[in-house]
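Student: Structure file input.cif (mmCIF, C-alpha atoms and all ligand atoms) is given on the next line.
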data_work
loop_
_atom_site.label_atom_id
_atom_site.label_comp_id
_atom_site.auth_asym_id
_atom_site.auth_seq_id
_atom_site.Cartn_x
_atom_site.Cartn_y
_atom_site.Cartn_z
CA MET C 1417 -18.88 11.76 -31.36
CA SER C 1418 -17.35 9.48 -28.86
CA ASP C 1419 -16.61 10.24 -25.27
CA GLU C 1420 -14.88 7.00 -24.52
CA THR C 1421 -11.62 8.83 -23.91
CA LYS C 1422 -13.23 11.30 -21.54
CA VAL C 1423 -11.54 11.32 -18.15
CA ALA C 1424 -13.84 10.21 -15.38
CA GLU C 1425 -15.28 13.15 -13.55
CA ILE C 1426 -14.02 13.73 -10.05
CA GLU C 1427 -16.56 12.42 -7.63
CA LYS C 1428 -18.03 14.83 -5.14
CA CYS C 1429 -18.29 14.27 -1.42
CA PRO C 1430 -21.94 13.53 -0.53
CA LYS C 1431 -21.46 15.29 2.81
CA CYS C 1432 -19.97 18.63 1.83
CA GLY C 1433 -19.83 18.68 -1.97
CA SER C 1434 -16.05 19.04 -2.21
CA ASP C 1435 -13.98 16.89 -4.56
CA LEU C 1436 -12.89 13.53 -3.27
CA ALA C 1437 -9.16 13.03 -2.82
CA PRO C 1438 -7.33 10.48 -4.98
CA ILE C 1439 -7.64 6.84 -3.98
CA SER C 1440 -5.21 5.87 -1.26
CA GLU C 1441 -4.30 2.51 0.12
CA THR C 1442 -4.01 1.32 3.71
CA ALA C 1443 -1.08 -0.70 4.99
CA THR C 1444 -2.99 -3.90 4.43
CA GLY C 1445 -4.01 -3.03 0.88
CA ARG C 1446 -7.54 -1.79 1.39
CA LYS C 1447 -8.43 1.14 -0.83
CA LEU C 1448 -10.28 4.26 0.20
CA GLN C 1449 -11.06 7.76 -0.96
CA ARG C 1450 -11.28 10.57 1.55
CA CYS C 1451 -12.94 13.91 1.10
CA SER C 1452 -10.34 16.49 0.07
CA LYS C 1453 -11.52 18.56 3.05
CA ASN C 1454 -10.44 15.76 5.35
CA VAL C 1455 -7.05 16.64 6.79
CA TRP C 1456 -4.90 14.53 9.06
CA ASN C 1457 -3.65 16.55 12.03
CA LYS C 1458 -0.31 15.11 13.09
CA GLU C 1459 -0.40 16.81 16.49
CA THR C 1460 -3.78 15.60 17.66
CA ARG C 1461 -3.54 12.38 15.60
CA LYS C 1462 -7.10 12.91 14.42
CA SER C 1463 -8.57 13.75 11.09
CA GLU C 1464 -10.17 17.15 10.86
CA GLY C 1465 -12.67 18.73 8.57
CA CYS C 1466 -15.06 16.60 6.59
CA THR C 1467 -15.03 13.01 7.82
CA TYR C 1468 -16.43 11.36 4.70
CA VAL C 1469 -14.53 8.25 3.68
CA LYS C 1470 -15.49 6.06 0.77
CA TRP C 1471 -14.15 2.55 0.95
CA ILE C 1472 -13.45 1.03 -2.43
CA ALA C 1473 -14.34 -2.60 -2.74
CA VAL C 1474 -11.08 -4.34 -3.42
CA GLU C 1475 -11.43 -6.92 -6.12
CA PRO C 1476 -10.64 -10.27 -4.58
CA GLN C 1477 -7.17 -11.20 -5.70
CA THR C 1478 -7.01 -14.67 -7.20
CA LEU C 1479 -4.08 -16.71 -5.97
CA ASP C 1480 -2.03 -19.39 -7.60
CA GLU C 1481 -3.16 -21.74 -4.91
CA LYS C 1482 -5.92 -24.28 -4.93
CA CYS C 1483 -8.49 -24.77 -2.22
CA PRO C 1484 -7.50 -27.87 -0.23
CA LYS C 1485 -11.18 -28.73 0.17
CA CYS C 1486 -12.56 -28.50 -3.36
CA GLY C 1487 -9.67 -27.60 -5.70
CA SER C 1488 -11.07 -24.23 -6.84
CA PRO C 1489 -8.69 -21.25 -6.86
CA LEU C 1490 -8.19 -19.36 -3.61
CA VAL C 1491 -8.66 -15.59 -3.36
CA ILE C 1492 -7.39 -12.98 -0.89
CA GLN C 1493 -10.08 -11.02 0.89
CA PHE C 1494 -10.32 -8.46 3.65
CA THR C 1495 -12.88 -8.43 6.41
CA ARG C 1496 -14.67 -5.37 7.70
CA PHE C 1497 -12.00 -5.09 10.36
CA GLY C 1498 -9.06 -5.17 7.99
CA LYS C 1499 -8.11 -8.75 8.68
CA LYS C 1500 -6.77 -10.60 5.69
CA MET C 1501 -7.77 -14.07 4.71
CA LYS C 1502 -7.44 -16.57 1.96
CA LYS C 1503 -10.73 -18.08 1.02
CA CYS C 1504 -12.18 -20.35 -1.57
CA SER C 1505 -13.36 -18.48 -4.67
CA THR C 1506 -16.59 -20.48 -4.67
CA GLY C 1507 -17.44 -19.26 -1.18
CA GLY C 1508 -20.00 -16.50 -0.94
CA TRP C 1509 -22.54 -14.85 1.29
CA ASP C 1510 -26.26 -15.08 0.77
CA LYS C 1511 -27.57 -11.76 2.06
CA GLU C 1512 -31.19 -12.85 2.14
CA ALA C 1513 -30.65 -16.14 3.87
CA LYS C 1514 -27.82 -14.63 5.96
CA LYS C 1515 -25.64 -17.64 5.49
CA ALA C 1516 -22.51 -18.68 3.71
CA THR C 1517 -22.82 -20.36 0.35
CA GLY C 1518 -20.42 -22.53 -1.60
CA CYS C 1519 -17.18 -23.84 -0.17
CA ASP C 1520 -16.41 -22.56 3.30
CA TYR C 1521 -12.62 -22.91 3.25
CA VAL C 1522 -10.93 -19.93 4.97
CA GLU C 1523 -7.36 -19.41 6.07
CA TRP C 1524 -6.57 -16.34 8.16
CA ILE C 1525 -3.38 -14.48 7.37
CA ASN C 1526 -1.56 -13.04 10.31
CA GLY C 1527 0.36 -10.07 9.06
CA THR C 1528 2.92 -9.79 6.31
CA THR C 1529 6.67 -9.38 6.30
CA GLU C 1530 8.71 -7.38 3.82
CA LYS C 1531 12.46 -7.26 3.56
CA LEU C 1532 14.10 -3.90 4.23
CA ASN C 1533 17.42 -2.51 3.11
CA GLU C 1534 18.25 -1.66 6.68
CA ILE C 1535 20.52 -3.19 9.23
CA CYS C 1536 19.53 -4.03 12.79
CA PRO C 1537 21.29 -1.63 15.19
CA GLN C 1538 21.62 -4.42 17.73
CA CYS C 1539 23.07 -7.28 15.75
CA ALA C 1540 23.67 -5.96 12.19
CA GLU C 1541 21.38 -8.55 10.59
CA PRO C 1542 18.81 -7.24 8.04
CA LEU C 1543 15.59 -5.72 9.31
CA VAL C 1544 12.14 -6.67 8.07
CA LEU C 1545 8.96 -4.62 7.97
CA TYR C 1546 6.16 -6.46 9.67
CA THR C 1547 2.55 -5.42 9.10
CA THR C 1548 0.09 -6.86 11.58
CA ASN C 1549 -3.33 -7.90 10.41
CA SER C 1550 -4.78 -4.75 11.93
CA GLY C 1551 -2.46 -2.58 9.83
CA LYS C 1552 0.10 -1.65 12.48
CA ARG C 1553 3.64 -1.67 11.24
CA MET C 1554 6.95 -2.34 12.90
CA LYS C 1555 10.51 -2.89 11.90
CA LYS C 1556 12.00 -5.92 13.49
CA CYS C 1557 15.11 -7.98 13.22
CA SER C 1558 15.00 -10.79 10.68
CA THR C 1559 16.56 -13.14 13.23
CA ALA C 1560 13.63 -12.68 15.60
CA GLY C 1561 11.33 -15.61 16.01
CA TRP C 1562 8.98 -17.32 18.40
CA ASP C 1563 9.67 -20.61 20.11
CA ARG C 1564 6.24 -22.21 20.35
CA ALA C 1565 7.33 -24.97 22.70
CA ALA C 1566 9.07 -22.65 25.16
CA ARG C 1567 6.55 -19.86 24.53
CA GLN C 1568 9.23 -17.23 24.33
CA PRO C 1569 10.85 -15.06 21.68
CA THR C 1570 14.05 -16.24 20.08
CA GLY C 1571 16.83 -14.38 18.30
CA CYS C 1572 17.29 -10.65 18.37
CA THR C 1573 14.69 -8.60 20.24
CA TYR C 1574 15.04 -5.34 18.28
CA VAL C 1575 11.64 -3.82 17.46
CA GLU C 1576 10.72 -0.35 16.24
CA TRP C 1577 7.02 0.48 15.95
CA LEU C 1578 6.14 2.82 13.11
CA LYS C 1579 3.68 5.63 13.74
CA GLY C 1580 0.79 6.44 11.49
CA ASN C 1581 -1.93 3.91 11.09
CA PHE C 1582 -4.51 5.08 8.64
CA ASN C 1583 -6.25 1.79 8.94
CA GLN C 1584 -8.07 2.77 12.10
CA SER C 1585 -10.72 4.89 10.53
CA PRO C 1586 -13.58 5.54 12.94
CA ASN C 1587 -16.03 5.69 10.09
CA GLY C 1588 -14.67 2.84 8.02
CA GLU C 1589 -17.30 1.07 6.04
CA GLU C 1590 -16.75 -1.88 3.86
CA PHE C 1591 -18.80 -3.97 1.53
CA LEU C 1592 -17.63 -7.39 2.59
CA PRO C 1593 -19.65 -10.17 4.13
CA PRO C 1594 -19.49 -10.49 7.90
CA GLU C 1595 -16.95 -12.82 9.40
CA PRO C 1596 -18.19 -16.36 9.67
ZN ZN C 1601 -16.66 16.28 2.42
ZN ZN C 1602 -13.13 -24.68 -1.81
ZN ZN C 1603 18.97 -7.80 15.40
#
Translate the structure described by the file into C-alpha cells.
Ligand SMILES: [Zn+2]
Ligand SMILES: [Zn+2]
Ligand SMILES: [Zn+2]

Tutor:
Amino acid sequence: MSDETKVAEIEKCPKCGSDLAPISETATGRKLQRCSKNVWNKETRKSEGCTYVKWIAVEPQTLDEKCPKCGSPLVIQFTRFGKKMKKCSTGGWDKEAKKATGCDYVEWINGTTEKLNEICPQCAEPLVLYTTNSGKRMKKCSTAGWDRAARQPTGCTYVEWLKGNFNQSPNGEEFLPPEP
C-alpha cells in the first residue's frame, strides 16, 4: 500500500468551507489561491462572495548574479506590497530580535518590460508591455524613454493602460519580512 501517487486533496476555504480555486499568479509573479466562491465582478470592479485569499509563499528565485557586497548568490523576492527586489541570499529576518540578519544588500526593481508582437499606432515601432512594481500594466512604445538631465520623456509618447489589476487585493497577506 502506497499512497505516494495520490493527488493532493483540494484545500477547503477556512471561511466558508468551499473548495479553493486553482493557484493563480499576479502580474508581478506572486501566487495566490482564492476561494472558489470569490467572483470578480467586472462591472463594479470588486470581488464578490467569499473574500478568502491565501497567498502562497513564492520560493525566492536564485539569480545568476552575485552579491556585490559579499559574493553570495542574489535572489528575487517580493515585499508585502508587491514590490520586487533583488537581495542577497544570506540576508534574513530575525523575527524575535526584529532585525535583519546576514548581508543586507538589496536592489529594488522598478517594473519589468516585455516585448510585444504589436506595432505602435503612432510611429509603427514595436510596443512593449510594461509592468510597474505595483502590478499595473501598460503597453508603451519601445522608443519611449526618459531624459534624466532634461527631466522629460523622449521618443514616442504612445501609452495604453491595461485594465484589470488583481494585485490590489484588499485582504492580501504575505509571509515576507517587512521592508527594511
Ligand atoms: Zn470561502
Ligand atoms: Zn551579500
Ligand atoms: Zn510609437

Student: So, counting only C-alpha atoms, which residue among C:Trp1509, C:Glu1475, C:Lys1555, C:Thr1517 is closest to Thr1529 in chain C?

Tutor: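 Looking at the shortest contact to Thr1529 in chain C, the residue is C:Lys1555.
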
Student: Pick the closest to ligand ZN 1603 (chain C) from C:Cys1451, C:Cys1519, C:Val1575, C:Cys1504: which is it, counting only C-alpha atoms and all ligand atoms?

Tutor: C:Val1575

Student: Please identify all protein, DNA and RNA residues within 12 Å of ligand ZN 1602 (chain C), counting all atoms listed in the file, and report them as a CSV table (one decimal) with C-alpha atoms, keeping the file's coordinate frame.

Tutor:
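Contents of pocket11.csv, as written:
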chain,number,residue,atom,x,y,z
C,1481,GLU,CA,-3.2,-21.7,-4.9
C,1482,LYS,CA,-5.9,-24.3,-4.9
C,1483,CYS,CA,-8.5,-24.8,-2.2
C,1484,PRO,CA,-7.5,-27.9,-0.2
C,1485,LYS,CA,-11.2,-28.7,0.2
C,1486,CYS,CA,-12.6,-28.5,-3.4
C,1487,GLY,CA,-9.7,-27.6,-5.7
C,1488,SER,CA,-11.1,-24.2,-6.8
C,1489,PRO,CA,-8.7,-21.2,-6.9
C,1490,LEU,CA,-8.2,-19.4,-3.6
C,1491,VAL,CA,-8.7,-15.6,-3.4
C,1502,LYS,CA,-7.4,-16.6,2.0
C,1503,LYS,CA,-10.7,-18.1,1.0
C,1504,CYS,CA,-12.2,-20.4,-1.6
C,1505,SER,CA,-13.4,-18.5,-4.7
C,1506,THR,CA,-16.6,-20.5,-4.7
C,1507,GLY,CA,-17.4,-19.3,-1.2
C,1508,GLY,CA,-20.0,-16.5,-0.9
C,1517,THR,CA,-22.8,-20.4,0.4
C,1518,GLY,CA,-20.4,-22.5,-1.6
C,1519,CYS,CA,-17.2,-23.8,-0.2
C,1520,ASP,CA,-16.4,-22.6,3.3
C,1521,TYR,CA,-12.6,-22.9,3.2
C,1522,VAL,CA,-10.9,-19.9,5.0
C,1523,GLU,CA,-7.4,-19.4,6.1

Student: How far is it from CA of Gly1551 in chain C to CA of Gly1527 in chain C, in Å with one decimal?

Tutor: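 CA of Gly1527 in chain C lies at a distance of 8.0 Å from CA of Gly1551 in chain C.
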
Student: List all protein, DNA and RNA residues that have an atom no more than 7 Å from any atom of ligand ZN 1601 (chain C), counting all atoms listed in the file, and report them as a PDB file with C-alpha atoms, in the coordinates of the input.

Tutor:
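The result, stored in selection-v2.pdb:
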ATOM      1  CA  CYS C1429     -18.290  14.270  -1.420  1.00  0.00           C
ATOM      2  CA  PRO C1430     -21.940  13.530  -0.530  1.00  0.00           C
ATOM      3  CA  LYS C1431     -21.460  15.290   2.810  1.00  0.00           C
ATOM      4  CA  CYS C1432     -19.970  18.630   1.830  1.00  0.00           C
ATOM      5  CA  GLY C1433     -19.830  18.680  -1.970  1.00  0.00           C
ATOM      6  CA  SER C1434     -16.050  19.040  -2.210  1.00  0.00           C
ATOM      7  CA  CYS C1451     -12.940  13.910   1.100  1.00  0.00           C
ATOM      8  CA  SER C1452     -10.340  16.490   0.070  1.00  0.00           C
ATOM      9  CA  LYS C1453     -11.520  18.560   3.050  1.00  0.00           C
ATOM     10  CA  ASN C1454     -10.440  15.760   5.350  1.00  0.00           C
ATOM     11  CA  CYS C1466     -15.060  16.600   6.590  1.00  0.00           C
ATOM     12  CA  THR C1467     -15.030  13.010   7.820  1.00  0.00           C
ATOM     13  CA  TYR C1468     -16.430  11.360   4.700  1.00  0.00           C
TER      14      TYR C1468
END

Student: In Å, how far is it from CA of Leu1532 in chain C to CA of Glu1459 in chain C?

Tutor: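 Going from CA of Leu1532 in chain C over to CA of Glu1459 in chain C, I get 28.1 Å.
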
Student: What box, with edges along x, y and z, holds each listed atom of range 1476-1487 of chain C when 3 Å is added on every side, and can you state its centre and edge lengths in Å to one decimal, as lines of an AutoDock Vina configuration file?

Tutor:
center_x = -7.3
center_y = -19.5
center_z = -3.7
size_x = 16.5
size_y = 24.5
size_z = 13.8

Student: Do you have, as a Markdown table, the list of residues of chain C lying at most 12 Å from ligand ZN 1603 (chain C), each with its nearest atom pair and that distance in Å to one decimal, counting only C-alpha atoms and all ligand atoms and ordered by chain then number?

Tutor:
| residue | atom | partner | partner_atom | distance |
| --- | --- | --- | --- | --- |
| C:Glu1534 | CA | C:ZN1603 | ZN | 10.7 |
| C:Ile1535 | CA | C:ZN1603 | ZN | 7.9 |
| C:Cys1536 | CA | C:ZN1603 | ZN | 4.6 |
| C:Pro1537 | CA | C:ZN1603 | ZN | 6.6 |
| C:Gln1538 | CA | C:ZN1603 | ZN | 4.9 |
| C:Cys1539 | CA | C:ZN1603 | ZN | 4.1 |
| C:Ala1540 | CA | C:ZN1603 | ZN | 6.0 |
| C:Glu1541 | CA | C:ZN1603 | ZN | 5.4 |
| C:Pro1542 | CA | C:ZN1603 | ZN | 7.4 |
| C:Leu1543 | CA | C:ZN1603 | ZN | 7.3 |
| C:Val1544 | CA | C:ZN1603 | ZN | 10.1 |
| C:Lys1555 | CA | C:ZN1603 | ZN | 10.4 |
| C:Lys1556 | CA | C:ZN1603 | ZN | 7.5 |
| C:Cys1557 | CA | C:ZN1603 | ZN | 4.4 |
| C:Ser1558 | CA | C:ZN1603 | ZN | 6.9 |
| C:Thr1559 | CA | C:ZN1603 | ZN | 6.2 |
| C:Ala1560 | CA | C:ZN1603 | ZN | 7.2 |
| C:Gly1561 | CA | C:ZN1603 | ZN | 10.9 |
| C:Thr1570 | CA | C:ZN1603 | ZN | 10.8 |
| C:Gly1571 | CA | C:ZN1603 | ZN | 7.5 |
| C:Cys1572 | CA | C:ZN1603 | ZN | 4.4 |
| C:Thr1573 | CA | C:ZN1603 | ZN | 6.5 |
| C:Tyr1574 | CA | C:ZN1603 | ZN | 5.5 |
| C:Val1575 | CA | C:ZN1603 | ZN | 8.6 |
| C:Glu1576 | CA | C:ZN1603 | ZN | 11.1 |

Student: As an exercise, work out the distance from CA of Met1501 in chain C to CA of Glu1530 in chain C in Å and give it to one decimal place.

Tutor: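 Spanning CA of Met1501 in chain C to CA of Glu1530 in chain C is a straight-line distance of 17.8 Å.
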
Student: Find the nearest atom pair between each residue of range 1458-1557 of chain C and range 1446-1449 of chain C for residues within 7 Å, count only C-alpha atoms, give distances in Å to one decimal, sort rows by chain and ascending number, and present the table as CSV.

Tutor:
residue,atom,partner,partner_atom,distance
C:Val1469,CA,C:Gln1449,CA,5.8
C:Lys1470,CA,C:Gln1449,CA,5.1
C:Trp1471,CA,C:Leu1448,CA,4.3
C:Ile1472,CA,C:Leu1448,CA,5.2
C:Val1474,CA,C:Arg1446,CA,6.5

Student: Next, the residues of the selection above should be written as a PDB file, in the frame of the given file with C-alpha atoms.

Tutor:
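Produced file result16.pdb, reproduced below:
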ATOM      1  CA  VAL C1469     -14.530   8.250   3.680  1.00  0.00           C
ATOM      2  CA  LYS C1470     -15.490   6.060   0.770  1.00  0.00           C
ATOM      3  CA  TRP C1471     -14.150   2.550   0.950  1.00  0.00           C
ATOM      4  CA  ILE C1472     -13.450   1.030  -2.430  1.00  0.00           C
ATOM      5  CA  VAL C1474     -11.080  -4.340  -3.420  1.00  0.00           C
TER       6      VAL C1474
END

Student: Using all atoms listed in the file, which of C:Ala1513, C:Pro1569, C:Gly1465, C:Lys1552 sits nearest Asn1526 in chain C?

Tutor: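 The closest residue to Asn1526 in chain C is C:Lys1552.
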
Student: Could you give me, as a PyMOL selection string, the residues within 6 Å of Tyr1546 in chain C, counting only C-alpha atoms and dropping anything in the same chain fewer than 4 positions from it?

Tutor: chain C and resi 1528-1529+1553-1554

Student: Any idea what's packed within 7 Å of Glu1464 in chain C, counting only C-alpha atoms, ignoring anything in its chain fewer than 3 positions away? Could you give it as a list in words?

Tutor: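 Final neighbour list, sorted by chain and number: Asn1454, Val1455, Trp1456 and Asn1457 of chain C.
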
Student: Since the input has fewer atoms than a full residue there, write range 1503-1536 of chain C out with N, CA and C atoms, as a short mmCIF file (atom, residue, chain, number, x, y, z; two decimals), keeping the file's coordinate frame.

Tutor:
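selection-v4.cif was written with the following content:
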data_model
loop_
_atom_site.label_atom_id
_atom_site.label_comp_id
_atom_site.auth_asym_id
_atom_site.auth_seq_id
_atom_site.Cartn_x
_atom_site.Cartn_y
_atom_site.Cartn_z
N LYS C 1503 -9.53 -17.26 0.99
CA LYS C 1503 -10.73 -18.08 1.02
C LYS C 1503 -10.99 -18.69 -0.34
N CYS C 1504 -11.85 -19.65 -0.35
CA CYS C 1504 -12.18 -20.35 -1.57
C CYS C 1504 -12.99 -19.42 -2.47
N SER C 1505 -12.65 -19.39 -3.76
CA SER C 1505 -13.36 -18.48 -4.67
C SER C 1505 -14.82 -18.87 -4.87
N THR C 1506 -15.19 -20.08 -4.51
CA THR C 1506 -16.59 -20.48 -4.67
C THR C 1506 -17.41 -20.09 -3.44
N GLY C 1507 -16.73 -19.65 -2.38
CA GLY C 1507 -17.44 -19.26 -1.18
C GLY C 1507 -18.12 -17.92 -1.35
N GLY C 1508 -19.29 -17.76 -0.82
CA GLY C 1508 -20.00 -16.50 -0.94
C GLY C 1508 -20.86 -16.24 0.27
N TRP C 1509 -21.66 -15.22 0.17
CA TRP C 1509 -22.54 -14.85 1.29
C TRP C 1509 -23.91 -14.55 0.74
N ASP C 1510 -24.89 -15.29 1.20
CA ASP C 1510 -26.26 -15.08 0.77
C ASP C 1510 -26.89 -14.07 1.71
N LYS C 1511 -27.08 -12.84 1.20
CA LYS C 1511 -27.57 -11.76 2.06
C LYS C 1511 -28.97 -12.02 2.57
N GLU C 1512 -29.81 -12.61 1.72
CA GLU C 1512 -31.19 -12.85 2.14
C GLU C 1512 -31.27 -13.92 3.21
N ALA C 1513 -30.59 -15.02 2.93
CA ALA C 1513 -30.65 -16.14 3.87
C ALA C 1513 -29.69 -15.93 5.04
N LYS C 1514 -28.82 -14.91 4.93
CA LYS C 1514 -27.82 -14.63 5.96
C LYS C 1514 -26.98 -15.85 6.28
N LYS C 1515 -26.53 -16.51 5.23
CA LYS C 1515 -25.64 -17.64 5.49
C LYS C 1515 -24.63 -17.79 4.36
N ALA C 1516 -23.57 -18.49 4.69
CA ALA C 1516 -22.51 -18.68 3.71
C ALA C 1516 -22.95 -19.68 2.66
N THR C 1517 -22.49 -19.44 1.43
CA THR C 1517 -22.82 -20.36 0.35
C THR C 1517 -21.52 -20.90 -0.24
N GLY C 1518 -21.60 -21.97 -0.95
CA GLY C 1518 -20.42 -22.53 -1.60
C GLY C 1518 -19.46 -23.13 -0.59
N CYS C 1519 -18.21 -23.22 -1.01
CA CYS C 1519 -17.18 -23.84 -0.17
C CYS C 1519 -16.81 -22.89 0.95
N ASP C 1520 -16.64 -23.43 2.15
CA ASP C 1520 -16.41 -22.56 3.30
C ASP C 1520 -14.94 -22.52 3.74
N TYR C 1521 -14.03 -22.91 2.85
CA TYR C 1521 -12.62 -22.91 3.25
C TYR C 1521 -12.10 -21.48 3.47
N VAL C 1522 -11.50 -21.24 4.62
CA VAL C 1522 -10.93 -19.93 4.97
C VAL C 1522 -9.62 -20.15 5.70
N GLU C 1523 -8.63 -19.36 5.35
CA GLU C 1523 -7.36 -19.41 6.07
C GLU C 1523 -6.97 -17.99 6.43
N TRP C 1524 -6.90 -17.70 7.72
CA TRP C 1524 -6.57 -16.34 8.16
C TRP C 1524 -5.09 -16.07 7.95
N ILE C 1525 -4.78 -14.86 7.57
CA ILE C 1525 -3.38 -14.48 7.37
C ILE C 1525 -2.99 -13.52 8.47
N ASN C 1526 -1.96 -13.85 9.18
CA ASN C 1526 -1.56 -13.04 10.31
C ASN C 1526 -0.39 -12.13 9.97
N GLY C 1527 -0.70 -11.04 9.34
CA GLY C 1527 0.36 -10.07 9.06
C GLY C 1527 1.26 -10.49 7.92
N THR C 1528 2.02 -9.52 7.42
CA THR C 1528 2.92 -9.79 6.31
C THR C 1528 4.31 -9.24 6.65
N THR C 1529 5.31 -9.84 6.07
CA THR C 1529 6.67 -9.38 6.30
C THR C 1529 7.31 -8.98 4.98
N GLU C 1530 8.01 -7.86 5.01
CA GLU C 1530 8.71 -7.38 3.82
C GLU C 1530 10.16 -7.16 4.19
N LYS C 1531 11.05 -7.48 3.27
CA LYS C 1531 12.46 -7.26 3.56
C LYS C 1531 12.80 -5.79 3.43
N LEU C 1532 13.66 -5.29 4.29
CA LEU C 1532 14.10 -3.90 4.23
C LEU C 1532 15.59 -3.86 3.91
N ASN C 1533 15.99 -2.71 3.36
CA ASN C 1533 17.42 -2.51 3.11
C ASN C 1533 18.08 -1.84 4.30
N GLU C 1534 17.70 -2.28 5.49
CA GLU C 1534 18.25 -1.66 6.68
C GLU C 1534 18.86 -2.72 7.56
N ILE C 1535 19.78 -2.27 8.37
CA ILE C 1535 20.52 -3.19 9.23
C ILE C 1535 20.09 -2.99 10.67
N CYS C 1536 19.92 -4.08 11.38
CA CYS C 1536 19.53 -4.03 12.79
C CYS C 1536 20.62 -3.35 13.61
#
